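First comes the structure, then the notes that go with it.
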Amino acid sequence: MKDKTSCQRQDDADRLRGLRDQFQLNDGEIYLDGNSLGVLPRATAARVQQTVAQEWGQGLIRSWNDAGWIDLPQRLGDKIARLVGAARGELVVADSTSVNLYKVMSAALGLVAADAPGRTRPGRTRILSERSNFPTDLYIAEGLARQHGMTLELLEPDEIPDQLDDRVAVLMLTHVNYRTGRMHDMAALTRAAHDVGALAVWDLAHSAGAVPVDLNGAGADFAVGCGYKYLNGGPGAPAFVWAHARHADRMHQPLSGWMGHAAPFQFTPDYQPAPGIDRYLCGTPALLSMTALECGIDSVLAAEPLGGMQALREKSIALTGLFIELVEERCAGHGLTLVSPRDPALRGSQVCFAREEGAYAIVQALIERGVIGDFRAPDVLRFGFTPLYTRYADVWEAVERLHQVLAEGLWREARFQRLAAVT
Ligand SMILES: *Cc1c(COP(=O)(O)O)cnc(C)c1O
């Protein structure tokens with residue numbers, strides 16, 4: 001059985017422990033919400049300040065060339081590529097996850113129509129996804145289904161393989177589920193989709209910087225992902241988009257803006273898409289946000305000399321496993337049910353528990369006691385574990401405070417019941 005001292009010993013022996021120094025963390029606070037908004041790297045404020053004061057203030061318009069602003073979407077893309085099994089030149093940073101999903105889903109639907117004569121629409125009218133996928137993904141797919149006269153069908157994870165048939169155009173999934181932390185087998189499901197002539201689109205919002213991903217190894221078709229979660233890019237950080245090289249020069253994305261043009265500064269009246277992934281750019285990049293995002297990505301890449309994503313994954317599994325073990329032991333009899341997979345191979349870097357009553361209020365009472373997790377309607381307490389800065393002793397302490405909130409019924413106070421706009 002674990003105790004506080006054994007957790008501290010695990011921290012002392014942790015080869016990754018130095019990575020924590022990269023971050024500005026509040027004293028006494030345990031942050032278990034890096035899956036929603038990553039913490040602030042210490043390097044970010046000075047870097048953004050320099051971009052504002054020098055590059056913008058002094059360099060002005062010259063900085064698009066002199067400070068390399070114009071190449072930032074590709075330069076950051078190449079860094080993220082190292083985390084998700086993509087090659088240089090295959091991934092760019094742009095827009096938001098929602099917007100990028102619209103682009104790649106549109107491209108995928110266009111490819112299916114072009115690629116499969118005899119099996120084209122109206123034959124392929126199905127888009128498959130998961131019922132508990134993140135809402136924006138479902139809303140974007142719903143809008144596209146309506147636009148293309150197709151149907152969006154929502155399934156439970158186990159139903160997906162059986163539902164794949166030659167009427168499916170696209171299988172669109174989030175690799176790690178935001179609510180349960182359950183992780184799909186990207187390679188197997190991509191293969192199953194390809195076997196029936198469908199394409200596989202993956203959302204890596206809860207995967208990039210959290211679990212090892214091998215997009216090329218899995219043969220995936222398209223992927224998007226988020227900059228402000230495990231990549232620590234800051235609130236509303238730009239997102240990323242990837243397409244497999246086999247689709248690179250054939251795909252059409254509908255937001256054909258000038259930054260995705262082959263030669264934007266020729267100012268020609270007609271659109272000629274840039275080669276490869278660059279055509280997924282639309283308008284002028286959000287420079288200040290990109291600058292902050294680069295510091296966040298660098299904070300994850302700092303693990304490379306220590307074993308990279310594989311080492312982070314091992315620590316993540318140890319942290320989430322410890323949390324499950326301690327909660328079930330210490331908080332037994334308090335109505336918490338594990339929602340996340342118990343098998344670490346099926347689990348991302350978060351742990352969720354459901355509770356019939358008071359889930360929101362318990363999270364609020366915990367936050368007041370310095371343990372920051374979040375609530376997902378209707379009944380889920382969600383805790384994210386970022387191995388870059390979370391310590392084993394933090395897990396111990398978080399469970400102690402959770403036990404206190406439950407055992408003393410602290411969450412029943414009226415002020416914890418008031419639902420805020422963001423939960
Ligand atoms: C966080 C998240 C998003 C966020 O999309 P935005 O466009 O940045 O608001 C999208 N999809 C998934 C699966 C997410 O977890």
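Identifiers for the structure tokens are assigned positionally: chains receive A, B, ... in sequence, residues are indexed from 1 per chain, and ligands are indexed from 1 in the order shown.
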Protein and nucleic acid residues within 6 Å of ligand 1 (only C-alpha atoms and all ligand atoms) as a compact mmCIF listing (two decimals) with all heavy atoms, in the first residue's frame:
# COMPACT_ATOMS: atom_id res chain seq x y z
N SER A 96 -8.39 27.33 -35.51
CA SER A 96 -8.77 26.57 -34.31
C SER A 96 -9.00 25.11 -34.69
O SER A 96 -9.09 24.77 -35.87
CB SER A 96 -10.06 27.15 -33.73
OG SER A 96 -11.13 26.95 -34.64
N THR A 97 -9.12 24.26 -33.69
CA THR A 97 -9.40 22.85 -33.95
C THR A 97 -10.70 22.70 -34.73
O THR A 97 -10.77 21.94 -35.70
CB THR A 97 -9.49 22.08 -32.62
OG1 THR A 97 -8.31 22.34 -31.86
CG2 THR A 97 -9.60 20.59 -32.85
N SER A 98 -11.73 23.44 -34.33
CA SER A 98 -13.03 23.34 -35.01
C SER A 98 -12.90 23.69 -36.48
O SER A 98 -13.41 22.98 -37.35
CB SER A 98 -14.05 24.28 -34.37
OG SER A 98 -14.17 24.05 -32.99
N PHE A 134 -16.35 14.90 -28.61
CA PHE A 134 -16.46 16.30 -28.17
C PHE A 134 -17.50 17.03 -29.04
O PHE A 134 -17.48 16.89 -30.27
CB PHE A 134 -15.10 16.97 -28.28
CG PHE A 134 -15.02 18.31 -27.62
CD1 PHE A 134 -14.88 18.42 -26.25
CD2 PHE A 134 -15.09 19.47 -28.37
CE1 PHE A 134 -14.80 19.67 -25.64
CE2 PHE A 134 -15.02 20.72 -27.77
CZ PHE A 134 -14.87 20.81 -26.40
N THR A 136 -18.04 19.98 -30.38
CA THR A 136 -17.74 20.77 -31.58
C THR A 136 -17.44 19.86 -32.77
O THR A 136 -17.82 20.15 -33.90
CB THR A 136 -16.59 21.77 -31.34
OG1 THR A 136 -16.68 22.83 -32.29
CG2 THR A 136 -15.20 21.15 -31.44
N ASP A 137 -16.81 18.72 -32.53
CA ASP A 137 -16.52 17.79 -33.61
C ASP A 137 -17.83 17.29 -34.23
O ASP A 137 -17.96 17.20 -35.45
CB ASP A 137 -15.69 16.59 -33.09
CG ASP A 137 -14.34 17.02 -32.54
OD1 ASP A 137 -14.30 17.97 -31.73
OD2 ASP A 137 -13.32 16.41 -32.90
N THR A 174 -12.17 11.16 -32.20
CA THR A 174 -11.17 11.77 -31.33
C THR A 174 -10.40 10.63 -30.68
O THR A 174 -11.02 9.71 -30.12
CB THR A 174 -11.84 12.68 -30.29
OG1 THR A 174 -12.49 13.74 -30.98
CG2 THR A 174 -10.80 13.26 -29.35
N TYR A 178 -12.66 13.04 -24.54
CA TYR A 178 -12.51 14.14 -23.57
C TYR A 178 -13.21 13.86 -22.23
O TYR A 178 -12.84 14.40 -21.21
CB TYR A 178 -13.06 15.45 -24.15
CG TYR A 178 -14.56 15.60 -24.06
CD1 TYR A 178 -15.15 16.45 -23.12
CD2 TYR A 178 -15.41 14.88 -24.90
CE1 TYR A 178 -16.52 16.57 -23.03
CE2 TYR A 178 -16.77 15.00 -24.81
CZ TYR A 178 -17.33 15.84 -23.87
OH TYR A 178 -18.69 15.96 -23.77
N ASP A 203 -8.95 13.40 -34.43
CA ASP A 203 -8.75 14.59 -33.61
C ASP A 203 -7.81 14.22 -32.46
O ASP A 203 -8.09 13.31 -31.68
CB ASP A 203 -10.11 15.08 -33.07
CG ASP A 203 -9.99 16.42 -32.37
OD1 ASP A 203 -8.90 16.73 -31.83
OD2 ASP A 203 -10.98 17.17 -32.35
N ALA A 205 -6.80 16.27 -29.98
CA ALA A 205 -6.86 17.32 -28.94
C ALA A 205 -6.35 16.82 -27.59
O ALA A 205 -5.65 17.54 -26.88
CB ALA A 205 -8.28 17.85 -28.80
N HIS A 206 -6.69 15.58 -27.23
CA HIS A 206 -6.26 15.05 -25.92
C HIS A 206 -5.12 14.05 -26.06
O HIS A 206 -4.86 13.27 -25.15
CB HIS A 206 -7.45 14.42 -25.19
CG HIS A 206 -8.44 15.43 -24.73
ND1 HIS A 206 -8.33 16.07 -23.51
CD2 HIS A 206 -9.51 15.99 -25.33
CE1 HIS A 206 -9.30 16.95 -23.38
NE2 HIS A 206 -10.05 16.92 -24.47
Please report, as a tab-separated table, each residue of stretch 248-278 of chain A lying at most 12 Å from stretch 222-229 of chain A, together with the nearest pair of atoms and the separation in Å rounded to one decimal; use only C-alpha atoms, and order rows by chain and ascending residue number.
residue	atom	partner	partner_atom	distance
A:Ala248	CA	A:Phe222	CA	10.1
A:Met251	CA	A:Phe222	CA	10.7
A:Gln253	CA	A:Phe222	CA	12.0
A:Ile277	CA	A:Phe222	CA	10.6
*Tell me, which residues of stretch 44-147 of chain A carry DSSP helix (DSSP H, G or I), written as an NGL selection string?*
:A and (44-58 or 60-66 or 69-84 or 97-115 or 135-147)
*Hey, what's within 12 Å of A:Gln49 if we count only C-alpha atoms and toss same-chain stuff fewer than 6 positions away? As a list in words, please?*
Ala43, Glu55, Trp56, Gly57, Leu288, Ser289, Thr291 and Ala292 of chain A
Please provide the set of residues having any atom within 10 Å of A:Leu419, restricted to only C-alpha atoms, with same-chain residues fewer than 3 positions apart removed, written as a compact mmCIF listing (two decimals) with C-alpha atoms, in the first residue's frame.
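Writing done, so here's result.txt:
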# COMPACT_ATOMS: atom_id res chain seq x y z
CA TYR A 360 -20.03 19.88 -9.88
CA ALA A 361 -20.06 21.07 -6.26
CA GLN A 364 -15.76 23.54 -6.79
CA ARG A 415 -21.91 28.60 -2.85
CA PHE A 416 -20.51 25.46 -4.47
CA VAL A 422 -17.31 27.62 -17.87
CA THR A 423 -17.23 24.41 -15.85
*Please provide as a PyMOL selection string all residues within 7 Å of stretch 342-357 of chain A, with the sequence filter that same-chain residues fewer than 5 positions apart are discarded (counting only C-alpha atoms).*
chain A and resi 176+180-183+210-211+316-317+320+335-337+379-385
Just-selected residues, all heavy atoms written as a tab-separated table (two decimals), in the first residue's frame:
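Listing of part39.tsv after writing:
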chain	number	residue	atom	x	y	z
A	176	VAL	N	-8.38	10.28	-28.03
A	176	VAL	CA	-8.63	10.10	-26.60
A	176	VAL	C	-9.89	10.89	-26.25
A	176	VAL	O	-9.94	12.10	-26.47
A	176	VAL	CB	-7.44	10.59	-25.75
A	176	VAL	CG1	-7.79	10.50	-24.26
A	176	VAL	CG2	-6.18	9.78	-26.05
A	180	THR	N	-14.19	10.53	-21.05
A	180	THR	CA	-13.87	9.27	-20.36
A	180	THR	C	-12.37	9.01	-20.30
A	180	THR	O	-11.92	8.19	-19.51
A	180	THR	CB	-14.49	8.07	-21.11
A	180	THR	OG1	-13.91	8.02	-22.42
A	180	THR	CG2	-16.00	8.23	-21.23
A	181	GLY	N	-11.61	9.66	-21.19
A	181	GLY	CA	-10.18	9.37	-21.26
A	181	GLY	C	-9.89	8.07	-22.00
A	181	GLY	O	-8.74	7.64	-22.06
A	182	ARG	N	-10.92	7.46	-22.58
A	182	ARG	CA	-10.70	6.21	-23.32
A	182	ARG	C	-9.98	6.49	-24.64
A	182	ARG	O	-10.34	7.42	-25.36
A	182	ARG	CB	-12.03	5.51	-23.58
A	182	ARG	CG	-11.86	4.26	-24.43
A	182	ARG	CD	-13.14	3.49	-24.58
A	182	ARG	NE	-12.98	2.49	-25.64
A	182	ARG	CZ	-13.65	1.36	-25.70
A	182	ARG	NH1	-14.55	1.09	-24.78
A	182	ARG	NH2	-13.45	0.52	-26.69
A	183	MET	N	-8.98	5.65	-24.95
A	183	MET	CA	-8.16	5.84	-26.15
A	183	MET	C	-8.49	4.76	-27.19
A	183	MET	O	-8.51	3.58	-26.86
A	183	MET	CB	-6.68	5.78	-25.76
A	183	MET	CG	-5.74	5.99	-26.92
A	183	MET	SD	-4.09	6.47	-26.39
A	183	MET	CE	-3.64	5.07	-25.37
A	210	ALA	N	0.38	14.28	-24.92
A	210	ALA	CA	-0.14	13.49	-23.79
A	210	ALA	C	0.19	12.02	-23.92
A	210	ALA	O	0.54	11.36	-22.95
A	210	ALA	CB	-1.65	13.68	-23.67
A	211	VAL	N	0.04	11.49	-25.14
A	211	VAL	CA	0.32	10.07	-25.39
A	211	VAL	C	1.10	9.98	-26.71
A	211	VAL	O	0.97	10.85	-27.57
A	211	VAL	CB	-0.98	9.23	-25.49
A	211	VAL	CG1	-1.76	9.25	-24.20
A	211	VAL	CG2	-1.84	9.71	-26.65
A	316	SER	N	2.91	9.14	-17.10
A	316	SER	CA	1.48	9.42	-17.12
A	316	SER	C	0.68	8.21	-16.64
A	316	SER	O	-0.25	8.32	-15.83
A	316	SER	CB	1.05	9.83	-18.53
A	316	SER	OG	-0.31	9.58	-18.74
A	317	ILE	N	1.06	7.03	-17.13
A	317	ILE	CA	0.36	5.80	-16.71
A	317	ILE	C	0.55	5.58	-15.21
A	317	ILE	O	-0.39	5.20	-14.50
A	317	ILE	CB	0.86	4.60	-17.53
A	317	ILE	CG1	0.31	4.69	-18.96
A	317	ILE	CG2	0.47	3.28	-16.89
A	317	ILE	CD1	0.85	3.63	-19.91
A	320	THR	N	-1.74	8.26	-13.37
A	320	THR	CA	-3.18	7.98	-13.44
A	320	THR	C	-3.51	6.69	-12.69
A	320	THR	O	-4.53	6.61	-12.00
A	320	THR	CB	-3.67	7.89	-14.91
A	320	THR	OG1	-2.86	6.95	-15.63
A	320	THR	CG2	-3.60	9.23	-15.61
A	335	GLY	N	-19.42	6.98	-3.21
A	335	GLY	CA	-20.25	7.08	-4.42
A	335	GLY	C	-19.53	7.43	-5.71
A	335	GLY	O	-20.18	7.80	-6.69
A	336	LEU	N	-18.20	7.30	-5.70
A	336	LEU	CA	-17.47	7.59	-6.95
A	336	LEU	C	-17.33	6.32	-7.78
A	336	LEU	O	-16.94	5.28	-7.26
A	336	LEU	CB	-16.08	8.14	-6.63
A	336	LEU	CG	-16.01	9.47	-5.91
A	336	LEU	CD1	-14.56	9.82	-5.57
A	336	LEU	CD2	-16.64	10.59	-6.75
A	337	THR	N	-17.66	6.43	-9.08
A	337	THR	CA	-17.50	5.29	-9.98
A	337	THR	C	-16.50	5.66	-11.06
A	337	THR	O	-16.64	6.71	-11.70
A	337	THR	CB	-18.84	4.98	-10.69
A	337	THR	OG1	-19.86	4.95	-9.70
A	337	THR	CG2	-18.78	3.66	-11.40
A	379	ASP	N	-22.39	14.49	-14.84
A	379	ASP	CA	-22.04	13.93	-13.53
A	379	ASP	C	-20.57	13.54	-13.39
A	379	ASP	O	-20.22	12.70	-12.57
A	379	ASP	CB	-22.92	12.69	-13.25
A	379	ASP	CG	-22.71	11.60	-14.31
A	379	ASP	OD1	-21.96	11.83	-15.28
A	379	ASP	OD2	-23.30	10.52	-14.15
A	380	VAL	N	-19.69	14.14	-14.21
A	380	VAL	CA	-18.31	13.66	-14.27
A	380	VAL	C	-17.33	14.63	-13.60
A	380	VAL	O	-17.35	15.83	-13.87
A	380	VAL	CB	-17.88	13.39	-15.74
A	380	VAL	CG1	-16.38	13.19	-15.85
A	380	VAL	CG2	-18.63	12.19	-16.29
A	381	LEU	N	-16.50	14.08	-12.70
A	381	LEU	CA	-15.36	14.82	-12.14
A	381	LEU	C	-14.15	14.39	-12.98
A	381	LEU	O	-13.86	13.20	-13.08
A	381	LEU	CB	-15.09	14.43	-10.69
A	381	LEU	CG	-16.17	14.69	-9.63
A	381	LEU	CD1	-17.15	13.53	-9.55
A	381	LEU	CD2	-15.52	14.90	-8.27
A	382	ARG	N	-13.45	15.38	-13.56
A	382	ARG	CA	-12.40	15.06	-14.51
A	382	ARG	C	-11.05	15.59	-14.01
A	382	ARG	O	-10.95	16.75	-13.61
A	382	ARG	CB	-12.76	15.67	-15.86
A	382	ARG	CG	-11.87	15.25	-17.00
A	382	ARG	CD	-12.38	15.78	-18.31
A	382	ARG	NE	-12.16	17.22	-18.43
A	382	ARG	CZ	-11.99	17.86	-19.58
A	382	ARG	NH1	-12.04	17.20	-20.71
A	382	ARG	NH2	-11.79	19.15	-19.62
A	383	PHE	N	-10.04	14.75	-14.07
A	383	PHE	CA	-8.71	15.13	-13.59
A	383	PHE	C	-7.67	14.78	-14.66
A	383	PHE	O	-7.55	13.62	-15.06
A	383	PHE	CB	-8.38	14.40	-12.29
A	383	PHE	CG	-9.38	14.65	-11.19
A	383	PHE	CD1	-10.42	13.75	-10.97
A	383	PHE	CD2	-9.31	15.80	-10.42
A	383	PHE	CE1	-11.37	13.97	-9.98
A	383	PHE	CE2	-10.26	16.04	-9.42
A	383	PHE	CZ	-11.29	15.12	-9.20
A	384	GLY	N	-6.93	15.80	-15.10
A	384	GLY	CA	-5.89	15.58	-16.11
A	384	GLY	C	-4.52	15.51	-15.43
A	384	GLY	O	-4.26	16.24	-14.48
A	385	PHE	N	-3.66	14.64	-15.95
A	385	PHE	CA	-2.33	14.47	-15.35
A	385	PHE	C	-1.28	14.76	-16.39
A	385	PHE	O	-1.17	14.05	-17.39
A	385	PHE	CB	-2.20	13.05	-14.79
A	385	PHE	CG	-3.15	12.81	-13.65
A	385	PHE	CD1	-4.47	12.46	-13.91
A	385	PHE	CD2	-2.76	13.02	-12.35
A	385	PHE	CE1	-5.38	12.29	-12.87
A	385	PHE	CE2	-3.66	12.86	-11.30
A	385	PHE	CZ	-4.97	12.49	-11.57
_DSSP strand (DSSP E or B) residues within stretch 160-362 of chain A, listed as a PyMOL selection string_ = chain A and resi 168-174+176+182-183+199-203+222-225+239-243+261+273+337-338+347+350-354
*Between A:Leu72, A:Val92, A:Ala145, A:Ala220, which one has atoms that come closest to A:Phe240, using only C-alpha atoms?*
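Comparing A:Leu72, A:Val92, A:Ala145, A:Ala220 against A:Phe240, the winner is A:Val92.
Among the candidate residues A:Tyr280, A:Trp64, A:Trp69, A:Phe375, the one lying nearest to A:Ala107 is A:Tyr280, with distances computed using only C-alpha atoms.
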*Smallest atom-to-atom distance to A:Gly409: which of A:Pro341, A:Gly358, A:Pro378, A:Pro73, using only C-alpha atoms?*
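Using only C-alpha atoms, A:Gly409 sits closest to A:Gly358.
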*Option closest in space to A:Ala141, from A:Ala398, A:Ala53, A:Ala414, A:Val104 [counting only C-alpha atoms]*: A:Val104
